[in-house]
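Novice: Quick one, model15.cif (mmCIF, C-alpha atoms (C1' of nucleotides)):
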data_coords
#
loop_
_atom_site.label_atom_id
_atom_site.label_comp_id
_atom_site.auth_asym_id
_atom_site.auth_seq_id
_atom_site.Cartn_x
_atom_site.Cartn_y
_atom_site.Cartn_z
CA MET A 1 -59.28 15.82 -45.71
CA ASP A 2 -63.09 15.71 -45.75
CA ASN A 3 -65.14 13.11 -43.99
CA LYS A 4 -65.84 11.02 -47.05
CA THR A 5 -62.15 10.82 -47.94
CA ARG A 6 -61.31 9.86 -44.39
CA GLN A 7 -63.85 7.04 -44.51
CA LYS A 8 -62.38 5.78 -47.75
CA TYR A 9 -58.94 5.43 -46.21
CA GLU A 10 -60.36 3.94 -43.04
CA ALA A 11 -62.08 1.24 -45.06
CA ARG A 12 -58.87 0.49 -46.93
CA ALA A 13 -56.90 0.43 -43.71
CA ARG A 14 -59.26 -2.14 -42.22
CA VAL A 15 -58.39 -4.54 -45.04
CA ILE A 16 -54.66 -3.91 -44.78
CA LYS A 17 -54.76 -4.20 -41.01
CA ALA A 18 -56.28 -7.64 -41.33
CA MET A 19 -53.10 -8.70 -43.14
CA ALA A 20 -50.73 -6.95 -40.76
CA HIS A 21 -49.68 -9.90 -38.62
CA PRO A 22 -47.13 -12.63 -39.30
CA SER A 23 -49.51 -15.52 -38.61
CA ARG A 24 -52.21 -14.00 -40.77
CA LEU A 25 -49.78 -13.46 -43.62
CA PHE A 26 -48.73 -17.05 -43.31
CA ILE A 27 -52.36 -18.13 -43.47
CA VAL A 28 -52.97 -16.14 -46.63
CA ASP A 29 -49.86 -17.59 -48.21
CA GLU A 30 -50.77 -21.12 -47.22
CA LEU A 31 -54.35 -20.78 -48.46
CA SER A 32 -53.04 -19.68 -51.84
CA ARG A 33 -52.16 -23.36 -52.26
CA GLY A 34 -55.70 -24.48 -51.46
CA GLU A 35 -58.21 -24.63 -48.64
CA ARG A 36 -57.15 -25.77 -45.17
CA CYS A 37 -59.04 -26.61 -42.01
CA VAL A 38 -58.38 -24.77 -38.77
CA CYS A 39 -56.58 -27.71 -37.23
CA GLU A 40 -54.11 -27.94 -40.13
CA LEU A 41 -53.29 -24.25 -39.78
CA ARG A 42 -52.96 -24.59 -36.02
CA ASP A 43 -50.43 -27.42 -36.50
CA MET A 44 -48.41 -25.31 -38.92
CA ILE A 45 -48.52 -22.13 -36.84
CA GLY A 46 -48.12 -23.80 -33.47
CA ALA A 47 -50.37 -21.50 -31.48
CA ASP A 48 -53.45 -22.24 -29.42
CA ILE A 49 -56.41 -23.15 -31.63
CA SER A 50 -58.40 -20.25 -30.20
CA THR A 51 -55.67 -17.88 -31.31
CA VAL A 52 -55.69 -19.31 -34.83
CA SER A 53 -59.47 -19.19 -34.94
CA LYS A 54 -59.40 -15.52 -34.04
CA HIS A 55 -56.83 -14.74 -36.71
CA LEU A 56 -59.04 -16.51 -39.23
CA SER A 57 -62.10 -14.54 -38.22
CA VAL A 58 -60.16 -11.29 -38.57
CA LEU A 59 -59.36 -12.25 -42.16
CA ARG A 60 -62.88 -13.46 -42.83
CA ASP A 61 -64.47 -10.33 -41.40
CA ALA A 62 -62.24 -8.22 -43.61
CA GLY A 63 -63.55 -10.09 -46.64
CA ILE A 64 -60.28 -11.83 -47.44
CA LEU A 65 -61.33 -15.39 -46.55
CA ASP A 66 -64.40 -17.55 -46.85
CA ASP A 67 -65.21 -20.38 -44.48
CA GLU A 68 -67.22 -23.53 -44.93
CA LYS A 69 -68.10 -26.12 -42.34
CA ARG A 70 -68.02 -29.73 -43.50
CA GLY A 71 -68.68 -32.26 -40.80
CA LEU A 72 -66.61 -31.45 -37.77
CA GLN A 73 -64.12 -29.31 -39.62
CA VAL A 74 -64.21 -25.74 -40.86
CA PHE A 75 -62.32 -25.07 -44.07
CA TYR A 76 -61.04 -21.65 -44.98
CA ARG A 77 -60.10 -20.46 -48.44
CA LEU A 78 -58.98 -17.25 -50.14
CA ARG A 79 -61.86 -15.17 -51.35
CA VAL A 80 -59.70 -12.63 -53.21
CA PRO A 81 -56.65 -14.15 -54.88
CA CYS A 82 -55.25 -10.75 -55.88
CA ILE A 83 -54.20 -10.41 -52.27
CA LEU A 84 -51.20 -12.50 -53.28
CA ASN A 85 -49.86 -9.64 -55.37
CA PHE A 86 -48.92 -8.03 -52.07
CA PHE A 87 -46.17 -10.51 -51.48
CA GLY A 88 -44.21 -9.68 -54.60
CA CYS A 89 -44.06 -6.03 -53.77
CA VAL A 90 -43.34 -6.61 -50.10
CA GLU A 91 -40.45 -8.87 -51.04
CA GLY A 92 -39.19 -6.07 -53.27
CA VAL A 93 -39.26 -3.65 -50.36
CA LEU A 94 -37.43 -6.12 -48.16
CA GLN A 95 -34.74 -6.74 -50.75
CA ALA A 96 -34.28 -3.01 -51.27
CA ASN A 97 -33.97 -2.66 -47.50
CA ALA A 98 -31.36 -5.39 -47.42
CA ARG A 99 -29.36 -3.67 -50.15
CA ARG A 100 -29.63 -0.39 -48.34
CA GLY A 101 -28.61 -2.06 -45.11
CA ALA A 102 -25.52 -3.46 -46.82
CA ALA A 103 -24.70 -0.07 -48.35
CA VAL A 104 -25.11 1.69 -45.01
CA ALA A 105 -22.90 -0.92 -43.36
CA LYS A 106 -20.15 -0.21 -45.91
CA GLN A 107 -20.08 3.48 -45.11
CA MET B 1 -43.33 -23.32 -38.54
CA ASP B 2 -39.55 -23.13 -38.08
CA ASN B 3 -37.71 -20.07 -36.91
CA LYS B 4 -36.55 -18.97 -40.33
CA THR B 5 -40.05 -19.15 -41.75
CA ARG B 6 -41.38 -17.19 -38.80
CA GLN B 7 -38.81 -14.48 -39.39
CA LYS B 8 -39.79 -14.27 -43.04
CA TYR B 9 -43.39 -13.57 -42.17
CA GLU B 10 -42.41 -11.16 -39.43
CA ALA B 11 -40.37 -9.16 -41.92
CA ARG B 12 -43.26 -9.06 -44.34
CA ALA B 13 -45.67 -8.11 -41.59
CA ARG B 14 -43.49 -5.15 -40.63
CA VAL B 15 -43.92 -3.72 -44.12
CA ILE B 16 -47.66 -4.35 -44.21
CA LYS B 17 -48.09 -2.95 -40.71
CA ALA B 18 -46.47 0.27 -41.81
CA MET B 19 -49.32 0.69 -44.29
CA ALA B 20 -52.06 -0.33 -41.86
CA HIS B 21 -53.30 3.11 -40.87
CA PRO B 22 -55.68 5.48 -42.68
CA SER B 23 -53.33 8.48 -42.56
CA ARG B 24 -50.38 6.43 -43.75
CA LEU B 25 -52.43 5.01 -46.59
CA PHE B 26 -53.41 8.52 -47.54
CA ILE B 27 -49.77 9.59 -47.50
CA VAL B 28 -48.75 6.75 -49.82
CA ASP B 29 -51.58 7.60 -52.18
CA GLU B 30 -50.73 11.28 -52.17
CA LEU B 31 -47.02 10.67 -52.72
CA SER B 32 -47.87 8.60 -55.78
CA ARG B 33 -48.59 11.97 -57.39
CA GLY B 34 -45.17 13.34 -56.47
CA GLU B 35 -43.09 14.34 -53.50
CA ARG B 36 -44.59 16.44 -50.71
CA CYS B 37 -43.16 18.22 -47.71
CA VAL B 38 -44.30 17.41 -44.18
CA CYS B 39 -46.25 20.64 -43.85
CA GLU B 40 -48.27 19.95 -46.99
CA LEU B 41 -49.23 16.53 -45.69
CA ARG B 42 -50.07 17.97 -42.29
CA ASP B 43 -52.45 20.46 -43.93
CA MET B 44 -54.15 17.70 -45.89
CA ILE B 45 -54.42 15.29 -42.97
CA GLY B 46 -55.26 17.87 -40.36
CA ALA B 47 -53.37 16.30 -37.47
CA ASP B 48 -50.58 17.68 -35.31
CA ILE B 49 -47.32 17.94 -37.21
CA SER B 50 -45.62 15.65 -34.72
CA THR B 51 -48.24 13.00 -35.46
CA VAL B 52 -47.68 13.33 -39.21
CA SER B 53 -43.93 13.26 -38.74
CA LYS B 54 -44.19 10.02 -36.81
CA HIS B 55 -46.38 8.44 -39.46
CA LEU B 56 -43.79 9.40 -42.06
CA SER B 57 -40.96 7.88 -40.09
CA VAL B 58 -42.90 4.64 -39.73
CA LEU B 59 -43.17 4.48 -43.53
CA ARG B 60 -39.55 5.50 -44.02
CA ASP B 61 -38.27 2.97 -41.51
CA ALA B 62 -40.22 0.25 -43.30
CA GLY B 63 -38.45 1.20 -46.52
CA ILE B 64 -41.53 2.53 -48.27
CA LEU B 65 -40.53 6.20 -48.34
CA ASP B 66 -37.39 8.24 -48.81
CA ASP B 67 -36.87 11.65 -47.30
CA GLU B 68 -34.71 14.56 -48.37
CA LYS B 69 -34.15 17.81 -46.57
CA ARG B 70 -33.98 20.92 -48.73
CA GLY B 71 -33.68 24.15 -46.86
CA LEU B 72 -36.15 24.22 -44.03
CA GLN B 73 -38.40 21.59 -45.51
CA VAL B 74 -38.23 17.82 -45.61
CA PHE B 75 -39.66 16.20 -48.70
CA TYR B 76 -40.89 12.63 -48.74
CA ARG B 77 -41.35 10.46 -51.79
CA LEU B 78 -42.29 6.88 -52.61
CA ARG B 79 -39.33 4.59 -52.72
CA VAL B 80 -41.26 1.59 -54.04
CA PRO B 81 -44.02 2.49 -56.49
CA CYS B 82 -45.34 -1.08 -56.63
CA ILE B 83 -46.89 -0.37 -53.27
CA LEU B 84 -49.68 1.26 -55.25
CA ASN B 85 -50.77 -2.12 -56.58
CA PHE B 86 -52.19 -2.70 -53.14
CA PHE B 87 -54.95 -0.21 -53.68
CA GLY B 88 -56.49 -1.96 -56.66
CA CYS B 89 -56.82 -5.22 -54.81
CA VAL B 90 -58.03 -3.58 -51.62
CA GLU B 91 -60.72 -1.77 -53.58
CA GLY B 92 -61.71 -5.12 -55.04
CA VAL B 93 -62.11 -6.57 -51.57
CA LEU B 94 -64.18 -3.60 -50.47
CA GLN B 95 -66.45 -3.85 -53.49
CA ALA B 96 -66.91 -7.56 -52.95
CA ASN B 97 -67.75 -6.80 -49.33
CA ALA B 98 -70.30 -4.21 -50.42
CA ARG B 99 -71.93 -6.71 -52.78
CA ARG B 100 -72.00 -9.31 -50.06
CA GLY B 101 -73.41 -6.78 -47.63
CA ALA B 102 -76.20 -5.99 -50.10
CA ALA B 103 -76.84 -9.69 -50.64
CA VAL B 104 -76.95 -10.35 -46.91
CA ALA B 105 -79.31 -7.42 -46.44
CA LYS B 106 -81.66 -8.93 -49.03
CA GLN B 107 -81.90 -12.24 -47.17
"C1'" DT C 1 -77.79 -40.47 -24.40
"C1'" DT C 2 -73.07 -39.83 -23.60
"C1'" DG C 3 -68.53 -38.98 -25.03
"C1'" DT C 4 -65.25 -37.04 -28.28
"C1'" DT C 5 -63.41 -34.03 -31.61
"C1'" DG C 6 -63.08 -29.47 -33.98
"C1'" DG C 7 -63.98 -24.89 -33.47
"C1'" DT C 8 -65.80 -20.43 -31.53
"C1'" DT C 9 -66.53 -17.02 -27.96
"C1'" DG C 10 -65.78 -14.40 -23.57
"C1'" DG C 11 -62.63 -12.64 -20.47
"C1'" DC C 12 -58.37 -11.10 -18.91
"C1'" DA C 13 -53.50 -9.44 -18.62
"C1'" DA C 14 -49.58 -7.93 -21.31
"C1'" DA C 15 -47.85 -5.58 -25.14
"C1'" DA C 16 -48.08 -2.49 -28.99
"C1'" DT C 17 -50.11 1.81 -31.21
"C1'" DA C 18 -51.71 6.34 -31.55
"C1'" DA C 19 -52.22 11.27 -30.65
"C1'" DC C 20 -51.15 15.18 -28.38
"C1'" DC C 21 -48.10 18.57 -25.94
"C1'" DA C 22 -43.65 20.24 -24.79
"C1'" DA C 23 -38.92 20.57 -25.62
"C1'" DC C 24 -35.50 20.51 -28.81
"C1'" DT C 25 -32.64 20.93 -33.41
"C1'" DA C 26 -31.57 22.76 -38.07
"C1'" DA C 27 -31.75 26.20 -41.61
"C1'" DC C 28 -32.52 30.51 -42.88
"C1'" DG C 29 -33.33 35.83 -42.63
"C1'" DA C 30 -33.07 40.31 -40.37
"C1'" DT D 1 -26.71 37.23 -32.93
"C1'" DC D 2 -31.66 36.66 -32.46
"C1'" DG D 3 -36.00 35.28 -34.08
"C1'" DT D 4 -38.76 32.39 -37.03
"C1'" DT D 5 -40.14 28.42 -39.47
"C1'" DA D 6 -40.10 23.32 -40.39
"C1'" DG D 7 -39.56 19.20 -38.44
"C1'" DT D 8 -38.11 15.56 -34.93
"C1'" DT D 9 -38.00 13.41 -30.46
"C1'" DG D 10 -39.46 12.33 -25.64
"C1'" DG D 11 -43.07 11.64 -22.55
"C1'" DT D 12 -47.79 10.62 -21.18
"C1'" DT D 13 -52.29 8.80 -21.56
"C1'" DA D 14 -55.88 6.33 -24.00
"C1'" DT D 15 -56.98 2.79 -27.08
"C1'" DT D 16 -56.24 -1.41 -29.62
"C1'" DT D 17 -54.25 -5.80 -30.34
"C1'" DT D 18 -52.60 -10.18 -28.97
"C1'" DG D 19 -52.59 -14.74 -26.88
"C1'" DC D 20 -53.90 -17.84 -23.60
"C1'" DC D 21 -57.37 -20.26 -20.67
"C1'" DA D 22 -61.93 -21.62 -19.72
"C1'" DA D 23 -66.44 -22.31 -21.13
"C1'" DC D 24 -69.30 -23.29 -24.62
"C1'" DC D 25 -71.46 -25.13 -29.21
"C1'" DA D 26 -72.04 -28.41 -33.17
"C1'" DA D 27 -71.38 -32.70 -35.50
"C1'" DC D 28 -70.63 -37.19 -35.24
"C1'" DA D 29 -69.89 -41.99 -32.99
"C1'" DA D 30 -70.59 -45.48 -29.53
#
Now, as a test, write the supplied structure out as structure tokens.
Specialist:
Amino acid sequence: MDNKTRQKYEARARVIKAMAHPSRLFIVDELSRGERCVCELRDMIGADISTVSKHLSVLRDAGILDDEKRGLQVFYRLRVPCILNFFGCVEGVLQANARRGAAVAKQ
Amino acid sequence: MDNKTRQKYEARARVIKAMAHPSRLFIVDELSRGERCVCELRDMIGADISTVSKHLSVLRDAGILDDEKRGLQVFYRLRVPCILNFFGCVEGVLQANARRGAAVAKQ
DNA sequence: TTGTTGGTTGGCAAAATAACCAACTAACGA
DNA sequence: TCGTTAGTTGGTTATTTTGCCAACCAACAA
């Protein structure tokens, strides 16, 4: 694998990595229904606000979210809606796993 | 977020996490063109075979790959082709980032 | 100006990942 | 049986990620 190819996959991995955390997946899912401020997300997730803020900046830095400050609050929204397509496929994987789990259990 | 919801996002994150590495992304991409044995992937990736083997088991354990031993070799293949849809969206994010980077540079 | 609210940043400790080497197993051939 | 090849597993070390607390910043109100 040459250097250019390696860089291509590293760039892709940075985007995927940004999604690779339960709270961050929740955020993406929630923002698919419209923008939310940090405090709303903190209430839903139930973690320290600094933790939520860091998750949001991971997603923003990856190019998945945009932020906008209005008054005291900062609102985040999805920048790339196609990111939602992930969920369908991931659910498919999980359901296939469940079926396989059941089949293995029967053996 | 209740416990059941948390578990849902944890399950999804496990699948996404399995993809969140440059070599594993490369493997998924390569297997989209057909099954490959471990040694072929090792040659392409250029890492120790034990490293490649561990990457493959991460993807298999997540339910993304299937493996089959034939003779001395173990062949891996994609179990869930829809995983490829990820790439299109990820490329879109990267291109949007590049445009934004150019725009920021112009400021 | 002072206080308050909403959010970000720095720092730290704990946990998870990653890569290699070494040891091992399985399948095959001589 | 013995050696070889293909791959997996265990162990170790280095790096990254995570989450909280504390300190800080920005916008607004009193």
Novice: Which residues of chain D come within 9 Å of segment 6-26 of chain C, and what is each one's closest atom pair and distance in Å (one decimal), counting all atoms listed in the file, sorted by chain and residue number, as CSV?
Specialist:
residue,atom,partner,partner_atom,distance
D:DA6,C1',C:DA26,C1',8.9
D:DG7,C1',C:DT25,C1',8.7
D:DT8,C1',C:DT25,C1',7.8
D:DT9,C1',C:DC24,C1',7.7
D:DG10,C1',C:DA23,C1',8.3
D:DG11,C1',C:DA22,C1',8.9
D:DA14,C1',C:DA18,C1',8.6
D:DT15,C1',C:DA18,C1',7.8
D:DT16,C1',C:DT17,C1',7.1
D:DT17,C1',C:DA16,C1',7.1
D:DT18,C1',C:DA15,C1',7.6
D:DA23,C1',C:DG10,C1',8.3
D:DC24,C1',C:DT9,C1',7.6
D:DC25,C1',C:DT8,C1',7.7
D:DA26,C1',C:DG7,C1',8.8
Novice: With all atoms listed in the file as the atoms that count, which of B:Leu25, B:Ala47, B:Met1, B:Ile16 lies nearest to chain C?
Specialist: B:Ala47
Novice: Identify, on the basis of only C-alpha atoms (C1' of nucleotides), every residue whose closest approach to Ala20 of chain B does not exceed 9 Å; exclude the query and any residue fewer than 4 positions from it along the same chain; express the result as a PyMOL selection string.
Specialist: (chain A and resi 12-20) or (chain B and resi 16+24-25)
Novice: One decimal, Å: what's the distance from atom CA of Cys37 of chain A over to atom CA of Val90 of chain A, could you say?
Specialist: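 Straight-line distance from atom CA of Cys37 of chain A to atom CA of Val90 of chain A works out to 26.7 Å.
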Novice: What is the distance between atom CA of Phe86 of chain B and atom CA of Asp29 of chain B, in Å to one decimal?
Specialist: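 Computing the Euclidean distance for atom CA of Phe86 of chain B and atom CA of Asp29 of chain B yields 10.4 Å.
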Novice: How close does chain B get to chain A? List, as JSON lines, each residue of chain B within 10 Å, its nearest atom pair and the distance in Å to one decimal, counting all atoms listed in the file.
Specialist:
{"residue": "B:Met1", "atom": "CA", "partner": "A:Met44", "partner_atom": "CA", "distance": 5.5}
{"residue": "B:Asp2", "atom": "CA", "partner": "A:Ile45", "partner_atom": "CA", "distance": 9.1}
{"residue": "B:Thr5", "atom": "CA", "partner": "A:Phe26", "partner_atom": "CA", "distance": 9.1}
{"residue": "B:Arg6", "atom": "CA", "partner": "A:Pro22", "partner_atom": "CA", "distance": 7.4}
{"residue": "B:Gln7", "atom": "CA", "partner": "A:Pro22", "partner_atom": "CA", "distance": 8.5}
{"residue": "B:Lys8", "atom": "CA", "partner": "A:Pro22", "partner_atom": "CA", "distance": 8.4}
{"residue": "B:Tyr9", "atom": "CA", "partner": "A:Pro22", "partner_atom": "CA", "distance": 4.8}
{"residue": "B:Glu10", "atom": "CA", "partner": "A:Pro22", "partner_atom": "CA", "distance": 4.9}
{"residue": "B:Ala11", "atom": "CA", "partner": "A:Leu94", "partner_atom": "CA", "distance": 7.5}
{"residue": "B:Arg12", "atom": "CA", "partner": "A:Val90", "partner_atom": "CA", "distance": 6.3}
{"residue": "B:Ala13", "atom": "CA", "partner": "A:Ala20", "partner_atom": "CA", "distance": 5.3}
{"residue": "B:Arg14", "atom": "CA", "partner": "A:Ala20", "partner_atom": "CA", "distance": 7.5}
{"residue": "B:Val15", "atom": "CA", "partner": "A:Val90", "partner_atom": "CA", "distance": 6.7}
{"residue": "B:Ile16", "atom": "CA", "partner": "A:Ala20", "partner_atom": "CA", "distance": 5.3}
{"residue": "B:Lys17", "atom": "CA", "partner": "A:Ala20", "partner_atom": "CA", "distance": 4.8}
{"residue": "B:Ala18", "atom": "CA", "partner": "A:Ala20", "partner_atom": "CA", "distance": 8.4}
{"residue": "B:Met19", "atom": "CA", "partner": "A:Ile16", "partner_atom": "CA", "distance": 7.1}
{"residue": "B:Ala20", "atom": "CA", "partner": "A:Lys17", "partner_atom": "CA", "distance": 4.8}
{"residue": "B:His21", "atom": "CA", "partner": "A:Ala13", "partner_atom": "CA", "distance": 5.3}
{"residue": "B:Pro22", "atom": "CA", "partner": "A:Tyr9", "partner_atom": "CA", "distance": 4.8}
{"residue": "B:Ser23", "atom": "CA", "partner": "A:Tyr9", "partner_atom": "CA", "distance": 7.4}
{"residue": "B:Arg24", "atom": "CA", "partner": "A:Ala13", "partner_atom": "CA", "distance": 8.9}
{"residue": "B:Leu25", "atom": "CA", "partner": "A:Tyr9", "partner_atom": "CA", "distance": 6.5}
{"residue": "B:Phe26", "atom": "CA", "partner": "A:Tyr9", "partner_atom": "CA", "distance": 6.5}
{"residue": "B:Asp29", "atom": "CA", "partner": "A:Tyr9", "partner_atom": "CA", "distance": 9.7}
{"residue": "B:Asp43", "atom": "CA", "partner": "A:Met1", "partner_atom": "CA", "distance": 8.4}
{"residue": "B:Met44", "atom": "CA", "partner": "A:Met1", "partner_atom": "CA", "distance": 5.5}
{"residue": "B:Ile45", "atom": "CA", "partner": "A:Met1", "partner_atom": "CA", "distance": 5.6}
{"residue": "B:Gly46", "atom": "CA", "partner": "A:Met1", "partner_atom": "CA", "distance": 7.0}
{"residue": "B:Asp61", "atom": "CA", "partner": "A:Asn97", "partner_atom": "CA", "distance": 9.3}
{"residue": "B:Ala62", "atom": "CA", "partner": "A:Asn97", "partner_atom": "CA", "distance": 8.1}
{"residue": "B:Gly63", "atom": "CA", "partner": "A:Asn97", "partner_atom": "CA", "distance": 6.0}
{"residue": "B:Ile64", "atom": "CA", "partner": "A:Val93", "partner_atom": "CA", "distance": 6.9}
{"residue": "B:Arg79", "atom": "CA", "partner": "A:Val93", "partner_atom": "CA", "distance": 8.6}
{"residue": "B:Val80", "atom": "CA", "partner": "A:Val93", "partner_atom": "CA", "distance": 6.7}
{"residue": "B:Pro81", "atom": "CA", "partner": "A:Cys89", "partner_atom": "CA", "distance": 8.9}
{"residue": "B:Cys82", "atom": "CA", "partner": "A:Cys89", "partner_atom": "CA", "distance": 5.9}
{"residue": "B:Ile83", "atom": "CA", "partner": "A:Cys89", "partner_atom": "CA", "distance": 6.3}
{"residue": "B:Leu84", "atom": "CA", "partner": "A:Cys89", "partner_atom": "CA", "distance": 9.3}
{"residue": "B:Asn85", "atom": "CA", "partner": "A:Phe86", "partner_atom": "CA", "distance": 7.7}
{"residue": "B:Phe86", "atom": "CA", "partner": "A:Phe86", "partner_atom": "CA", "distance": 6.3}
{"residue": "B:Phe87", "atom": "CA", "partner": "A:Arg12", "partner_atom": "CA", "distance": 7.8}
{"residue": "B:Gly88", "atom": "CA", "partner": "A:Cys82", "partner_atom": "CA", "distance": 8.9}
{"residue": "B:Cys89", "atom": "CA", "partner": "A:Cys82", "partner_atom": "CA", "distance": 5.8}
{"residue": "B:Val90", "atom": "CA", "partner": "A:Arg12", "partner_atom": "CA", "distance": 6.3}
{"residue": "B:Glu91", "atom": "CA", "partner": "A:Arg12", "partner_atom": "CA", "distance": 7.3}
{"residue": "B:Gly92", "atom": "CA", "partner": "A:Val80", "partner_atom": "CA", "distance": 8.0}
{"residue": "B:Val93", "atom": "CA", "partner": "A:Gly63", "partner_atom": "CA", "distance": 6.2}
{"residue": "B:Leu94", "atom": "CA", "partner": "A:Ala11", "partner_atom": "CA", "distance": 7.6}
{"residue": "B:Gln95", "atom": "CA", "partner": "A:Gly63", "partner_atom": "CA", "distance": 9.7}
{"residue": "B:Ala96", "atom": "CA", "partner": "A:Gly63", "partner_atom": "CA", "distance": 7.6}
{"residue": "B:Asn97", "atom": "CA", "partner": "A:Gly63", "partner_atom": "CA", "distance": 6.0}
{"residue": "B:Ala98", "atom": "CA", "partner": "A:Gly63", "partner_atom": "CA", "distance": 9.7}
{"residue": "B:Arg100", "atom": "CA", "partner": "A:Gly63", "partner_atom": "CA", "distance": 9.1}
